[in-house]
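A.B. asks: Quick one, data.cif (mmCIF, N, CA, C and O atoms):
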data_model
#
loop_
_atom_site.label_atom_id
_atom_site.label_comp_id
_atom_site.auth_asym_id
_atom_site.auth_seq_id
_atom_site.Cartn_x
_atom_site.Cartn_y
_atom_site.Cartn_z
N MET M 18 101.74 57.42 136.52
CA MET M 18 102.19 56.28 135.74
C MET M 18 101.82 55.01 136.49
O MET M 18 102.00 54.90 137.70
N SER M 19 101.31 54.04 135.79
CA SER M 19 100.96 52.76 136.40
C SER M 19 101.82 51.66 135.80
O SER M 19 102.32 51.79 134.69
N TYR M 20 101.96 50.59 136.54
CA TYR M 20 102.78 49.47 136.09
C TYR M 20 101.99 48.18 136.24
O TYR M 20 101.27 48.01 137.20
N SER M 21 102.17 47.28 135.29
CA SER M 21 101.46 46.01 135.36
C SER M 21 102.39 44.83 135.55
O SER M 21 101.96 43.75 135.91
N SER M 22 103.69 45.03 135.31
CA SER M 22 104.62 43.92 135.43
C SER M 22 106.04 44.44 135.56
O SER M 22 106.32 45.60 135.33
N GLY M 23 106.93 43.52 135.95
CA GLY M 23 108.33 43.85 136.10
C GLY M 23 109.15 42.58 136.08
O GLY M 23 108.62 41.48 135.97
N PHE M 24 110.46 42.73 136.20
CA PHE M 24 111.34 41.59 136.20
C PHE M 24 112.17 41.60 137.47
O PHE M 24 112.66 42.64 137.90
N LEU M 25 112.30 40.44 138.08
CA LEU M 25 113.08 40.27 139.30
C LEU M 25 114.32 39.48 138.92
O LEU M 25 114.23 38.36 138.43
N SER M 26 115.50 40.07 139.14
CA SER M 26 116.73 39.43 138.69
C SER M 26 117.27 38.40 139.68
O SER M 26 118.08 37.56 139.32
N ARG M 27 116.83 38.47 140.93
CA ARG M 27 117.23 37.49 141.94
C ARG M 27 116.27 37.61 143.11
O ARG M 27 115.46 38.51 143.16
N ASP M 28 116.39 36.72 144.10
CA ASP M 28 115.38 36.66 145.15
C ASP M 28 115.54 37.69 146.25
O ASP M 28 114.73 37.74 147.15
N LYS M 29 116.52 38.56 146.23
CA LYS M 29 116.73 39.53 147.30
C LYS M 29 116.56 40.97 146.84
O LYS M 29 117.08 41.88 147.47
N SER M 30 115.83 41.21 145.77
CA SER M 30 115.66 42.58 145.28
C SER M 30 114.88 43.41 146.30
O SER M 30 113.79 43.02 146.71
N PRO M 31 115.44 44.55 146.71
CA PRO M 31 114.77 45.37 147.71
C PRO M 31 113.49 45.99 147.16
O PRO M 31 113.42 46.35 145.99
N GLY M 32 112.49 46.09 148.01
CA GLY M 32 111.27 46.78 147.62
C GLY M 32 110.24 45.95 146.89
O GLY M 32 109.14 46.42 146.63
N SER M 33 110.55 44.71 146.55
CA SER M 33 109.57 43.93 145.78
C SER M 33 108.31 43.67 146.58
O SER M 33 107.22 43.66 146.03
N ASP M 34 108.43 43.49 147.87
CA ASP M 34 107.25 43.24 148.70
C ASP M 34 106.36 44.48 148.75
O ASP M 34 105.14 44.37 148.65
N SER M 35 106.95 45.67 148.88
CA SER M 35 106.13 46.89 148.93
C SER M 35 105.47 47.18 147.58
O SER M 35 104.35 47.66 147.53
N VAL M 36 106.15 46.87 146.49
CA VAL M 36 105.54 47.04 145.16
C VAL M 36 104.32 46.15 145.04
O VAL M 36 103.27 46.58 144.57
N MET M 37 104.43 44.91 145.50
CA MET M 37 103.32 43.98 145.40
C MET M 37 102.13 44.41 146.26
O MET M 37 100.99 44.16 145.92
N THR M 38 102.39 45.07 147.38
CA THR M 38 101.31 45.56 148.24
C THR M 38 100.57 46.70 147.55
O THR M 38 99.34 46.77 147.61
N MET M 39 101.30 47.57 146.87
CA MET M 39 100.67 48.72 146.20
C MET M 39 99.93 48.31 144.95
O MET M 39 98.93 48.91 144.59
N PHE M 40 100.42 47.29 144.23
CA PHE M 40 99.84 46.87 142.97
C PHE M 40 99.56 45.37 143.02
O PHE M 40 100.34 44.57 142.52
N PRO M 41 98.45 44.95 143.62
CA PRO M 41 98.20 43.51 143.80
C PRO M 41 98.09 42.71 142.51
O PRO M 41 98.32 41.51 142.51
N GLU M 42 97.74 43.34 141.39
CA GLU M 42 97.65 42.62 140.11
C GLU M 42 98.99 42.56 139.39
O GLU M 42 99.12 41.98 138.33
N TYR M 43 99.99 43.19 139.96
CA TYR M 43 101.32 43.27 139.38
C TYR M 43 101.91 41.88 139.20
O TYR M 43 101.76 41.02 140.06
N LYS M 44 102.56 41.65 138.09
CA LYS M 44 103.24 40.38 137.83
C LYS M 44 104.73 40.62 137.82
O LYS M 44 105.21 41.56 137.19
N LEU M 45 105.46 39.79 138.53
CA LEU M 45 106.92 39.84 138.51
C LEU M 45 107.44 38.58 137.86
O LEU M 45 107.17 37.48 138.33
N TYR M 46 108.17 38.76 136.78
CA TYR M 46 108.75 37.64 136.05
C TYR M 46 110.14 37.37 136.61
O TYR M 46 110.91 38.30 136.88
N CYS M 47 110.45 36.10 136.78
CA CYS M 47 111.73 35.71 137.37
C CYS M 47 112.09 34.31 136.87
O CYS M 47 111.31 33.67 136.18
N SER M 48 113.26 33.84 137.28
CA SER M 48 113.66 32.48 136.90
C SER M 48 112.89 31.47 137.75
O SER M 48 112.33 31.79 138.80
N GLU M 49 112.86 30.24 137.28
CA GLU M 49 112.18 29.18 138.02
C GLU M 49 112.81 28.96 139.39
O GLU M 49 112.11 28.73 140.38
N VAL M 50 114.13 29.04 139.46
CA VAL M 50 114.84 28.86 140.75
C VAL M 50 114.47 29.97 141.72
O VAL M 50 114.18 29.72 142.89
N THR M 51 114.45 31.21 141.24
CA THR M 51 114.09 32.34 142.10
C THR M 51 112.66 32.18 142.61
O THR M 51 112.38 32.41 143.79
N ARG M 52 111.75 31.76 141.76
CA ARG M 52 110.36 31.57 142.20
C ARG M 52 110.28 30.52 143.30
O ARG M 52 109.57 30.69 144.29
N GLU M 53 111.02 29.44 143.16
CA GLU M 53 111.01 28.40 144.20
C GLU M 53 111.55 28.94 145.51
O GLU M 53 111.02 28.63 146.58
N PHE M 54 112.62 29.73 145.47
CA PHE M 54 113.15 30.36 146.69
C PHE M 54 112.08 31.23 147.35
O PHE M 54 111.88 31.19 148.56
N LEU M 55 111.40 32.03 146.54
CA LEU M 55 110.38 32.94 147.08
C LEU M 55 109.21 32.19 147.68
O LEU M 55 108.66 32.60 148.70
N LEU M 56 108.82 31.09 147.07
CA LEU M 56 107.68 30.33 147.58
C LEU M 56 108.00 29.62 148.90
O LEU M 56 107.09 29.30 149.66
N THR M 57 109.27 29.38 149.18
CA THR M 57 109.64 28.74 150.44
C THR M 57 109.84 29.75 151.56
O THR M 57 110.04 29.36 152.70
N SER M 58 109.76 31.04 151.25
CA SER M 58 109.95 32.09 152.23
C SER M 58 108.59 32.52 152.81
O SER M 58 107.66 32.82 152.06
N ASN M 59 108.49 32.55 154.12
CA ASN M 59 107.25 33.03 154.76
C ASN M 59 106.97 34.48 154.41
O ASN M 59 105.82 34.91 154.39
N LYS M 60 108.01 35.24 154.12
CA LYS M 60 107.84 36.66 153.79
C LYS M 60 107.15 36.86 152.45
O LYS M 60 106.45 37.84 152.25
N TYR M 61 107.33 35.95 151.50
CA TYR M 61 106.82 36.14 150.15
C TYR M 61 105.78 35.12 149.70
O TYR M 61 105.20 35.28 148.64
N CYS M 62 105.52 34.07 150.47
CA CYS M 62 104.63 33.01 149.99
C CYS M 62 103.20 33.51 149.71
O CYS M 62 102.51 32.94 148.87
N HIS M 63 102.76 34.57 150.38
CA HIS M 63 101.41 35.10 150.12
C HIS M 63 101.30 35.75 148.74
O HIS M 63 100.21 36.03 148.27
N LEU M 64 102.43 35.97 148.08
CA LEU M 64 102.44 36.58 146.76
C LEU M 64 102.57 35.56 145.64
O LEU M 64 102.87 35.91 144.50
N ARG M 65 102.34 34.30 145.96
CA ARG M 65 102.58 33.21 145.01
C ARG M 65 101.90 33.40 143.66
O ARG M 65 102.41 32.98 142.64
N ASN M 66 100.77 34.07 143.61
CA ASN M 66 100.08 34.28 142.33
C ASN M 66 100.69 35.40 141.49
O ASN M 66 100.33 35.57 140.33
N SER M 67 101.61 36.16 142.07
CA SER M 67 102.23 37.27 141.35
C SER M 67 103.53 36.87 140.65
O SER M 67 103.95 37.53 139.72
N TRP M 68 104.17 35.82 141.13
CA TRP M 68 105.45 35.40 140.56
C TRP M 68 105.21 34.54 139.32
O TRP M 68 104.52 33.54 139.38
N VAL M 69 105.82 34.93 138.21
CA VAL M 69 105.70 34.17 136.97
C VAL M 69 107.10 33.68 136.60
O VAL M 69 107.98 34.49 136.30
N ALA M 70 107.30 32.37 136.66
CA ALA M 70 108.61 31.80 136.36
C ALA M 70 108.78 31.62 134.85
O ALA M 70 107.89 31.13 134.17
N LEU M 71 109.94 32.02 134.38
CA LEU M 71 110.30 31.83 132.98
C LEU M 71 111.54 30.95 132.91
O LEU M 71 112.42 31.03 133.78
N PRO M 72 111.64 30.12 131.90
CA PRO M 72 112.83 29.28 131.76
C PRO M 72 114.04 30.12 131.35
O PRO M 72 113.91 31.16 130.71
N ILE M 73 115.21 29.64 131.71
CA ILE M 73 116.45 30.32 131.35
C ILE M 73 116.88 29.90 129.94
O ILE M 73 116.71 28.74 129.56
N GLN M 74 117.40 30.84 129.19
CA GLN M 74 117.92 30.65 127.84
C GLN M 74 116.88 30.10 126.85
O GLN M 74 117.20 29.31 125.97
N GLN M 75 115.66 30.55 127.03
CA GLN M 75 114.59 30.15 126.10
C GLN M 75 113.70 31.37 125.87
O GLN M 75 113.21 31.97 126.83
N ALA M 76 113.50 31.75 124.63
CA ALA M 76 112.65 32.90 124.32
C ALA M 76 111.22 32.63 124.77
O ALA M 76 110.68 31.55 124.54
N CYS M 77 110.63 33.62 125.43
CA CYS M 77 109.25 33.51 125.93
C CYS M 77 108.50 34.79 125.59
O CYS M 77 109.07 35.88 125.63
N ASP M 78 107.23 34.64 125.28
CA ASP M 78 106.38 35.81 125.05
C ASP M 78 105.74 36.22 126.37
O ASP M 78 105.20 35.38 127.09
N VAL M 79 105.82 37.50 126.66
CA VAL M 79 105.26 38.07 127.88
C VAL M 79 104.30 39.18 127.48
O VAL M 79 104.66 40.05 126.68
N ASN M 80 103.10 39.14 128.02
CA ASN M 80 102.12 40.19 127.75
C ASN M 80 102.17 41.23 128.86
O ASN M 80 102.11 40.89 130.04
N ILE M 81 102.29 42.49 128.46
CA ILE M 81 102.30 43.59 129.42
C ILE M 81 101.28 44.63 128.99
O ILE M 81 100.91 44.71 127.82
N LEU M 82 100.85 45.42 129.94
CA LEU M 82 99.91 46.49 129.66
C LEU M 82 100.69 47.77 129.39
O LEU M 82 101.50 48.19 130.21
N ASN M 83 100.48 48.37 128.25
CA ASN M 83 101.11 49.64 127.91
C ASN M 83 100.45 50.72 128.75
O ASN M 83 99.24 50.95 128.63
N ASP M 84 101.23 51.39 129.61
CA ASP M 84 100.64 52.38 130.50
C ASP M 84 100.30 53.69 129.80
O ASP M 84 99.66 54.56 130.37
N VAL M 85 100.68 53.85 128.54
CA VAL M 85 100.35 55.06 127.79
C VAL M 85 98.98 54.94 127.12
O VAL M 85 98.14 55.81 127.24
N ASN M 86 98.74 53.79 126.45
CA ASN M 86 97.47 53.65 125.72
C ASN M 86 96.59 52.52 126.27
O ASN M 86 95.57 52.21 125.69
N SER M 87 96.99 51.91 127.37
CA SER M 87 96.22 50.85 128.05
C SER M 87 95.96 49.62 127.18
O SER M 87 95.00 48.90 127.40
N GLU M 88 96.79 49.39 126.19
CA GLU M 88 96.66 48.21 125.35
C GLU M 88 97.67 47.14 125.77
O GLU M 88 98.76 47.46 126.22
N GLN M 89 97.27 45.90 125.59
CA GLN M 89 98.19 44.79 125.86
C GLN M 89 99.24 44.74 124.76
O GLN M 89 98.91 44.90 123.59
N GLN M 90 100.47 44.52 125.15
CA GLN M 90 101.55 44.36 124.19
C GLN M 90 102.31 43.10 124.52
O GLN M 90 102.41 42.70 125.68
N GLN M 91 102.84 42.48 123.50
CA GLN M 91 103.59 41.25 123.69
C GLN M 91 105.08 41.52 123.48
O GLN M 91 105.47 42.12 122.48
N LEU M 92 105.87 41.10 124.45
CA LEU M 92 107.33 41.20 124.36
C LEU M 92 107.91 39.80 124.32
O LEU M 92 107.40 38.90 124.98
N GLN M 93 108.98 39.65 123.59
CA GLN M 93 109.70 38.39 123.64
C GLN M 93 110.95 38.62 124.49
O GLN M 93 111.74 39.52 124.20
N VAL M 94 111.08 37.84 125.55
CA VAL M 94 112.21 37.99 126.47
C VAL M 94 112.95 36.66 126.60
O VAL M 94 112.36 35.59 126.45
N THR M 95 114.23 36.78 126.87
CA THR M 95 115.06 35.60 127.13
C THR M 95 115.87 35.89 128.38
O THR M 95 116.63 36.87 128.43
N LEU M 96 115.68 35.08 129.42
CA LEU M 96 116.48 35.23 130.64
C LEU M 96 117.84 34.57 130.42
O LEU M 96 117.91 33.43 129.95
N LEU M 97 118.89 35.30 130.76
CA LEU M 97 120.24 34.77 130.65
C LEU M 97 120.81 34.60 132.05
O LEU M 97 120.63 35.47 132.90
N PRO M 98 121.50 33.50 132.33
CA PRO M 98 122.03 33.29 133.68
C PRO M 98 123.09 34.34 134.00
O PRO M 98 123.99 34.60 133.21
N ALA M 99 122.95 34.97 135.18
CA ALA M 99 123.93 35.96 135.62
C ALA M 99 125.10 35.30 136.33
O ALA M 99 126.22 35.78 136.30
N GLY M 100 124.83 34.18 137.01
CA GLY M 100 125.90 33.39 137.61
C GLY M 100 126.41 33.83 138.95
O GLY M 100 127.30 33.19 139.50
N HIS M 101 125.89 34.90 139.54
CA HIS M 101 126.44 35.32 140.83
C HIS M 101 125.72 34.73 142.04
O HIS M 101 126.24 34.75 143.14
N CYS M 102 124.52 34.18 141.84
CA CYS M 102 123.84 33.43 142.89
C CYS M 102 122.79 32.55 142.21
O CYS M 102 122.40 32.82 141.07
N PRO M 103 122.32 31.50 142.87
CA PRO M 103 121.35 30.59 142.23
C PRO M 103 120.09 31.35 141.79
O PRO M 103 119.53 32.13 142.54
N GLY M 104 119.70 31.12 140.56
CA GLY M 104 118.49 31.75 140.03
C GLY M 104 118.67 33.15 139.48
O GLY M 104 117.75 33.71 138.91
N SER M 105 119.86 33.73 139.65
CA SER M 105 120.06 35.11 139.18
C SER M 105 120.11 35.15 137.65
O SER M 105 120.65 34.27 137.01
N VAL M 106 119.46 36.18 137.10
CA VAL M 106 119.38 36.32 135.65
C VAL M 106 119.60 37.77 135.25
O VAL M 106 119.53 38.69 136.07
N MET M 107 119.82 37.94 133.96
CA MET M 107 119.90 39.30 133.39
C MET M 107 119.18 39.30 132.06
O MET M 107 118.83 38.28 131.54
#
Please render this file's structure as structure tokens.

C.D. replies:
Amino acid sequence: MSYSSGFLSRDKSPGSDSVMTMFPEYKLYCSEVTREFLLTSNKYCHLRNSWVALPIQQACDVNILNDVNSEQQQLQVTLLPAGHCPGSVM
């Protein structure tokens, strides 16, 4: 099974760095605040092209690769604030 994208709910999700090493084209969607936190971290700044910031409480279209038939599919997602730390979403 292959993966082309995922969602990061906050800036401390375990394993995100190792996922990015294994799949360099992988896109991780997150809130704008989380992306800013990640870009200021020396640990994650080299992955700046992989982080895709989405606005909170606004529907957005996201294109993902279907790993079954290798076709692009469009999803509409809305990030909702989780409220337990800055930038956290659900």

A.B. asks: I'd like the residues picked by the PyMOL selection byres ((chain M and resi 48-64) around 6) written out as a PDB file with N, CA, C and O atoms, keeping the file's coordinate frame, using the chain letters and numbers from the file.

C.D. replies:
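And here's part.pdb as it stands now:
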ATOM      1  N   LEU M  25     112.300  40.440 138.080  1.00  0.00           N
ATOM      2  CA  LEU M  25     113.080  40.270 139.300  1.00  0.00           C
ATOM      3  C   LEU M  25     114.320  39.480 138.920  1.00  0.00           C
ATOM      4  O   LEU M  25     114.230  38.360 138.430  1.00  0.00           O
ATOM      5  N   ARG M  27     116.830  38.470 140.930  1.00  0.00           N
ATOM      6  CA  ARG M  27     117.230  37.490 141.940  1.00  0.00           C
ATOM      7  C   ARG M  27     116.270  37.610 143.110  1.00  0.00           C
ATOM      8  O   ARG M  27     115.460  38.510 143.160  1.00  0.00           O
ATOM      9  N   ASP M  28     116.390  36.720 144.100  1.00  0.00           N
ATOM     10  CA  ASP M  28     115.380  36.660 145.150  1.00  0.00           C
ATOM     11  C   ASP M  28     115.540  37.690 146.250  1.00  0.00           C
ATOM     12  O   ASP M  28     114.730  37.740 147.150  1.00  0.00           O
ATOM     13  N   TYR M  46     108.170  38.760 136.780  1.00  0.00           N
ATOM     14  CA  TYR M  46     108.750  37.640 136.050  1.00  0.00           C
ATOM     15  C   TYR M  46     110.140  37.370 136.610  1.00  0.00           C
ATOM     16  O   TYR M  46     110.910  38.300 136.880  1.00  0.00           O
ATOM     17  N   CYS M  47     110.450  36.100 136.780  1.00  0.00           N
ATOM     18  CA  CYS M  47     111.730  35.710 137.370  1.00  0.00           C
ATOM     19  C   CYS M  47     112.090  34.310 136.870  1.00  0.00           C
ATOM     20  O   CYS M  47     111.310  33.670 136.180  1.00  0.00           O
ATOM     21  N   ARG M  65     102.340  34.300 145.960  1.00  0.00           N
ATOM     22  CA  ARG M  65     102.580  33.210 145.010  1.00  0.00           C
ATOM     23  C   ARG M  65     101.900  33.400 143.660  1.00  0.00           C
ATOM     24  O   ARG M  65     102.410  32.980 142.640  1.00  0.00           O
ATOM     25  N   ASN M  66     100.770  34.070 143.610  1.00  0.00           N
ATOM     26  CA  ASN M  66     100.080  34.280 142.330  1.00  0.00           C
ATOM     27  C   ASN M  66     100.690  35.400 141.490  1.00  0.00           C
ATOM     28  O   ASN M  66     100.330  35.570 140.330  1.00  0.00           O
ATOM     29  N   SER M  67     101.610  36.160 142.070  1.00  0.00           N
ATOM     30  CA  SER M  67     102.230  37.270 141.350  1.00  0.00           C
ATOM     31  C   SER M  67     103.530  36.870 140.650  1.00  0.00           C
ATOM     32  O   SER M  67     103.950  37.530 139.720  1.00  0.00           O
ATOM     33  N   TRP M  68     104.170  35.820 141.130  1.00  0.00           N
ATOM     34  CA  TRP M  68     105.450  35.400 140.560  1.00  0.00           C
ATOM     35  C   TRP M  68     105.210  34.540 139.320  1.00  0.00           C
ATOM     36  O   TRP M  68     104.520  33.540 139.380  1.00  0.00           O
ATOM     37  N   VAL M  69     105.820  34.930 138.210  1.00  0.00           N
ATOM     38  CA  VAL M  69     105.700  34.170 136.970  1.00  0.00           C
ATOM     39  C   VAL M  69     107.100  33.680 136.600  1.00  0.00           C
ATOM     40  O   VAL M  69     107.980  34.490 136.300  1.00  0.00           O
ATOM     41  N   ALA M  70     107.300  32.370 136.660  1.00  0.00           N
ATOM     42  CA  ALA M  70     108.610  31.800 136.360  1.00  0.00           C
ATOM     43  C   ALA M  70     108.780  31.620 134.850  1.00  0.00           C
ATOM     44  O   ALA M  70     107.890  31.130 134.170  1.00  0.00           O
ATOM     45  N   LEU M  71     109.940  32.020 134.380  1.00  0.00           N
ATOM     46  CA  LEU M  71     110.300  31.830 132.980  1.00  0.00           C
ATOM     47  C   LEU M  71     111.540  30.950 132.910  1.00  0.00           C
ATOM     48  O   LEU M  71     112.420  31.030 133.780  1.00  0.00           O
ATOM     49  N   PRO M  72     111.640  30.120 131.900  1.00  0.00           N
ATOM     50  CA  PRO M  72     112.830  29.280 131.760  1.00  0.00           C
ATOM     51  C   PRO M  72     114.040  30.120 131.350  1.00  0.00           C
ATOM     52  O   PRO M  72     113.910  31.160 130.710  1.00  0.00           O
ATOM     53  N   PRO M 103     122.320  31.500 142.870  1.00  0.00           N
ATOM     54  CA  PRO M 103     121.350  30.590 142.230  1.00  0.00           C
ATOM     55  C   PRO M 103     120.090  31.350 141.790  1.00  0.00           C
ATOM     56  O   PRO M 103     119.530  32.130 142.540  1.00  0.00           O
ATOM     57  N   GLY M 104     119.700  31.120 140.560  1.00  0.00           N
ATOM     58  CA  GLY M 104     118.490  31.750 140.030  1.00  0.00           C
ATOM     59  C   GLY M 104     118.670  33.150 139.480  1.00  0.00           C
ATOM     60  O   GLY M 104     117.750  33.710 138.910  1.00  0.00           O
TER      61      GLY M 104
END

A.B. asks: Which distance in Å separates atom N of M:Leu96 and atom O of M:Asp84, to one decimal?

C.D. replies: 25.2 Å

A.B. asks: What would the selection look like, as a list of chain:residue names, if the PyMOL selection byres (((chain M and resi 90 and name CA) around 6) and name CA) were run on the coordinates I just shared?

C.D. replies: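 With the shown file as input, the PyMOL selection byres (((chain M and resi 90 and name CA) around 6) and name CA) matches M:Asn80, M:Ile81, M:Gln89, M:Gln91.
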
A.B. asks: List the residues matched by the PyMOL selection byres (((chain M and resi 75-78 and name CA) around 7) and name CA) in the displayed structure as a list in words, ordered by chain and then by residue number.

C.D. replies: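 Applied to this file, the PyMOL selection byres (((chain M and resi 75-78 and name CA) around 7) and name CA) returns Pro72, Ile73, Gln74, Val79, Asn80, Gln91, Leu92, Gln93, Val94 and Thr95 of chain M.
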
A.B. asks: Go ahead and compute the interatomic distance for atom N of M:Lys44 and atom N of M:Leu82, in Å to one decimal.

C.D. replies: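 These atoms are spaced 9.1 Å apart.
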
A.B. asks: Can you tell me how far atom C of M:Ser105 sits from atom C of M:Phe24, in Å to one decimal?

C.D. replies: 10.2 Å

A.B. asks: From the DSSP assignment of the backbone, select every residue of stretch 48-89 of chain M that is helix (DSSP H, G or I), and format the answer as an MDAnalysis selection string.

C.D. replies: chainID M and resid 49:56 62:64
